[in-house]
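Visitor: This is the structure, below, for whatever I ask next.
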Amino acid sequence: MLFDLFITFAKIGVMTFGGGYAMLPILQRELVENKGWSTEEDLADYYAIGQCTPGIIAINTATFVGTKQKGIIGGIVASLGIVFPSLVIITLIATVLTTFSELEVVKHAFAGIRVAVCVLIFNSVLKLMKGAIKDYYALFIFIGIFLVALFTSISTVWLIVASAILGIVINTVIKKKGGKAK
């Protein structure tokens, strides 16, 4: 199991371009669909908690999933698995990038990679939205937080805290009134 954790997260870690957000669809496919180590809801929770904790979201998610599967050692192995390919790739790139960074073909390649990363992130957002917005109240929270994030520079930590508080308040009020979220 530890070897499987390392190899699975190493495969995810190979996708270093774009950082943690670009890895979200790959994490979802591997952890939910292929391995069954997590549910969509758990993964969304890991992403949310990962935003509130220091470090890169993919590493935090690897730590959460590894710990859930095999305790502390599983968290360490999964974290090492996701970091190892990036460390190797970045070391190799750093040794040659300064030599080739001004070549037009390299500039064009990175421009294409940036576009692909945007698509991967957008795909992740759509998948997360489908799992998170289950009623009108969740849609209200989504739109509100989206607008605040778009038009202010408030930290994502505070946006997540505000979302949690709104979720608690809305569901408490709904339950007190005996209503159900629609």
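By convention here, the chains of the structure tokens are called A, B, ... in the order presented, each chain's residues are numbered starting at 1, and ligands are numbered starting at 1 in the order presented.
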Let's see if you can do this: from backbone DSSP, list all alpha helix (DSSP H) residues in chain A, as a PyMOL selection string.

Guide: chain A and resi 2-13+19-28+40-52+57-100+104-132+136-151+156-177

Visitor: Find the nearest atom pair between each residue of stretch 8-123 of chain A and stretch 154-166 of chain A for residues within 10 Å, count only C-alpha atoms, give distances in Å to one decimal, sort rows by chain and ascending number, and present the table as a Markdown table.

Guide:
```
| residue | atom | partner | partner_atom | distance |
| --- | --- | --- | --- | --- |
| A:Ala48 | CA | A:Ile160 | CA | 7.2 |
| A:Ile49 | CA | A:Ile160 | CA | 8.8 |
| A:Gly50 | CA | A:Val157 | CA | 9.9 |
| A:Gln51 | CA | A:Val157 | CA | 6.7 |
| A:Cys52 | CA | A:Val157 | CA | 5.3 |
| A:Thr53 | CA | A:Val157 | CA | 8.7 |
```

Visitor: Show which residues sit within 9 Å of stretch 81-87 of chain A, as a VMD selection string. Count only C-alpha atoms, and ignore same-chain residues fewer than 4 positions away.

Guide: chain A and resid 5 to 16 58 to 59 62 76 to 77 91 to 92

Visitor: Write out as a PDB file with all heavy atoms, in the first residue's frame the residues lying within 10 Å of A:Leu43, counting only C-alpha atoms and excluding same-chain residues fewer than 6 positions away.

Guide:
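Contents of selection03.pdb, as written:
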```
ATOM      1  N   LEU A  24      -5.444  19.401  -9.902  1.00  0.00           N
ATOM      2  CA  LEU A  24      -6.743  19.050  -9.332  1.00  0.00           C
ATOM      3  C   LEU A  24      -7.513  18.014 -10.152  1.00  0.00           C
ATOM      4  O   LEU A  24      -8.018  17.046  -9.579  1.00  0.00           O
ATOM      5  CB  LEU A  24      -7.590  20.301  -9.101  1.00  0.00           C
ATOM      6  CG  LEU A  24      -7.037  21.301  -8.082  1.00  0.00           C
ATOM      7  CD1 LEU A  24      -8.007  22.467  -7.904  1.00  0.00           C
ATOM      8  CD2 LEU A  24      -6.720  20.662  -6.752  1.00  0.00           C
ATOM      9  N   LEU A  27      -5.740  14.702  -9.654  1.00  0.00           N
ATOM     10  CA  LEU A  27      -6.004  14.185  -8.308  1.00  0.00           C
ATOM     11  C   LEU A  27      -7.392  13.567  -8.250  1.00  0.00           C
ATOM     12  O   LEU A  27      -7.576  12.462  -7.721  1.00  0.00           O
ATOM     13  CB  LEU A  27      -5.897  15.309  -7.269  1.00  0.00           C
ATOM     14  CG  LEU A  27      -4.500  15.778  -6.901  1.00  0.00           C
ATOM     15  CD1 LEU A  27      -4.557  17.118  -6.182  1.00  0.00           C
ATOM     16  CD2 LEU A  27      -3.802  14.743  -6.044  1.00  0.00           C
ATOM     17  N   GLN A  28      -8.374  14.258  -8.802  1.00  0.00           N
ATOM     18  CA  GLN A  28      -9.749  13.766  -8.784  1.00  0.00           C
ATOM     19  C   GLN A  28      -9.854  12.428  -9.509  1.00  0.00           C
ATOM     20  O   GLN A  28     -10.428  11.475  -8.992  1.00  0.00           O
ATOM     21  CB  GLN A  28     -10.681  14.816  -9.419  1.00  0.00           C
ATOM     22  CG  GLN A  28     -12.156  14.498  -9.303  1.00  0.00           C
ATOM     23  CD  GLN A  28     -12.682  13.594 -10.397  1.00  0.00           C
ATOM     24  OE1 GLN A  28     -12.134  13.495 -11.480  1.00  0.00           O
ATOM     25  NE2 GLN A  28     -13.755  12.898 -10.093  1.00  0.00           N
ATOM     26  N   LEU A  31      -7.608   9.677  -7.461  1.00  0.00           N
ATOM     27  CA  LEU A  31      -8.011   9.365  -6.085  1.00  0.00           C
ATOM     28  C   LEU A  31      -9.456   8.935  -5.959  1.00  0.00           C
ATOM     29  O   LEU A  31      -9.784   8.088  -5.123  1.00  0.00           O
ATOM     30  CB  LEU A  31      -7.739  10.569  -5.184  1.00  0.00           C
ATOM     31  CG  LEU A  31      -6.292  11.060  -5.164  1.00  0.00           C
ATOM     32  CD1 LEU A  31      -6.156  12.260  -4.243  1.00  0.00           C
ATOM     33  CD2 LEU A  31      -5.345   9.947  -4.754  1.00  0.00           C
ATOM     34  N   VAL A  32     -10.330   9.506  -6.777  1.00  0.00           N
ATOM     35  CA  VAL A  32     -11.753   9.173  -6.682  1.00  0.00           C
ATOM     36  C   VAL A  32     -12.113   8.062  -7.655  1.00  0.00           C
ATOM     37  O   VAL A  32     -12.654   7.028  -7.265  1.00  0.00           O
ATOM     38  CB  VAL A  32     -12.636  10.429  -6.926  1.00  0.00           C
ATOM     39  CG1 VAL A  32     -14.109  10.064  -6.922  1.00  0.00           C
ATOM     40  CG2 VAL A  32     -12.345  11.500  -5.881  1.00  0.00           C
ATOM     41  N   TRP A  37      -9.814   6.013  -3.179  1.00  0.00           N
ATOM     42  CA  TRP A  37      -9.274   6.400  -1.881  1.00  0.00           C
ATOM     43  C   TRP A  37     -10.009   7.588  -1.282  1.00  0.00           C
ATOM     44  O   TRP A  37      -9.808   7.908  -0.118  1.00  0.00           O
ATOM     45  CB  TRP A  37      -7.787   6.740  -1.993  1.00  0.00           C
ATOM     46  CG  TRP A  37      -6.900   5.573  -2.258  1.00  0.00           C
ATOM     47  CD1 TRP A  37      -7.196   4.250  -2.076  1.00  0.00           C
ATOM     48  CD2 TRP A  37      -5.563   5.611  -2.740  1.00  0.00           C
ATOM     49  NE1 TRP A  37      -6.128   3.466  -2.424  1.00  0.00           N
ATOM     50  CE2 TRP A  37      -5.097   4.284  -2.836  1.00  0.00           C
ATOM     51  CE3 TRP A  37      -4.695   6.643  -3.101  1.00  0.00           C
ATOM     52  CZ2 TRP A  37      -3.827   3.961  -3.272  1.00  0.00           C
ATOM     53  CZ3 TRP A  37      -3.435   6.318  -3.542  1.00  0.00           C
ATOM     54  CH2 TRP A  37      -3.006   4.991  -3.626  1.00  0.00           C
ATOM     55  N   ILE A  49      -9.463  22.692   3.002  1.00  0.00           N
ATOM     56  CA  ILE A  49      -8.531  22.710   4.134  1.00  0.00           C
ATOM     57  C   ILE A  49      -7.122  23.043   3.643  1.00  0.00           C
ATOM     58  O   ILE A  49      -6.388  23.795   4.283  1.00  0.00           O
ATOM     59  CB  ILE A  49      -8.545  21.355   4.883  1.00  0.00           C
ATOM     60  CG1 ILE A  49      -9.905  21.137   5.541  1.00  0.00           C
ATOM     61  CG2 ILE A  49      -7.441  21.311   5.931  1.00  0.00           C
ATOM     62  CD1 ILE A  49     -10.132  19.724   6.038  1.00  0.00           C
ATOM     63  N   THR A  61      -3.118  17.762  -0.073  1.00  0.00           N
ATOM     64  CA  THR A  61      -4.075  16.705  -0.402  1.00  0.00           C
ATOM     65  C   THR A  61      -3.406  15.332  -0.312  1.00  0.00           C
ATOM     66  O   THR A  61      -3.986  14.382   0.222  1.00  0.00           O
ATOM     67  CB  THR A  61      -4.665  16.935  -1.805  1.00  0.00           C
ATOM     68  OG1 THR A  61      -5.295  18.226  -1.830  1.00  0.00           O
ATOM     69  CG2 THR A  61      -5.684  15.876  -2.157  1.00  0.00           C
ATOM     70  N   PHE A  64      -3.178  14.428   3.319  1.00  0.00           N
ATOM     71  CA  PHE A  64      -4.478  14.035   3.876  1.00  0.00           C
ATOM     72  C   PHE A  64      -4.852  12.621   3.432  1.00  0.00           C
ATOM     73  O   PHE A  64      -5.239  11.785   4.247  1.00  0.00           O
ATOM     74  CB  PHE A  64      -5.587  14.998   3.444  1.00  0.00           C
ATOM     75  CG  PHE A  64      -5.439  16.390   3.970  1.00  0.00           C
ATOM     76  CD1 PHE A  64      -5.773  17.474   3.168  1.00  0.00           C
ATOM     77  CD2 PHE A  64      -4.981  16.652   5.253  1.00  0.00           C
ATOM     78  CE1 PHE A  64      -5.648  18.776   3.644  1.00  0.00           C
ATOM     79  CE2 PHE A  64      -4.851  17.934   5.737  1.00  0.00           C
ATOM     80  CZ  PHE A  64      -5.195  19.001   4.924  1.00  0.00           C
ATOM     81  N   VAL A  65      -4.733  12.346   2.138  1.00  0.00           N
ATOM     82  CA  VAL A  65      -5.128  11.037   1.609  1.00  0.00           C
ATOM     83  C   VAL A  65      -4.195   9.942   2.134  1.00  0.00           C
ATOM     84  O   VAL A  65      -4.654   8.874   2.550  1.00  0.00           O
ATOM     85  CB  VAL A  65      -5.149  11.054   0.060  1.00  0.00           C
ATOM     86  CG1 VAL A  65      -5.350   9.654  -0.502  1.00  0.00           C
ATOM     87  CG2 VAL A  65      -6.241  11.990  -0.441  1.00  0.00           C
ATOM     88  N   LEU A 128     -15.706  20.647  -9.333  1.00  0.00           N
ATOM     89  CA  LEU A 128     -15.948  20.992  -7.933  1.00  0.00           C
ATOM     90  C   LEU A 128     -17.317  21.651  -7.761  1.00  0.00           C
ATOM     91  O   LEU A 128     -18.016  21.397  -6.782  1.00  0.00           O
ATOM     92  CB  LEU A 128     -14.853  21.921  -7.409  1.00  0.00           C
ATOM     93  CG  LEU A 128     -13.505  21.272  -7.135  1.00  0.00           C
ATOM     94  CD1 LEU A 128     -12.452  22.339  -6.857  1.00  0.00           C
ATOM     95  CD2 LEU A 128     -13.602  20.298  -5.984  1.00  0.00           C
TER      96      LEU A 128
END
```

Visitor: Compare A:Ile170, A:Ala116, A:His108, A:Val125 by their minimum atom-to-atom distance to A:Ala138, counting only C-alpha atoms, and give me the closest one.

Guide: A:Ile170
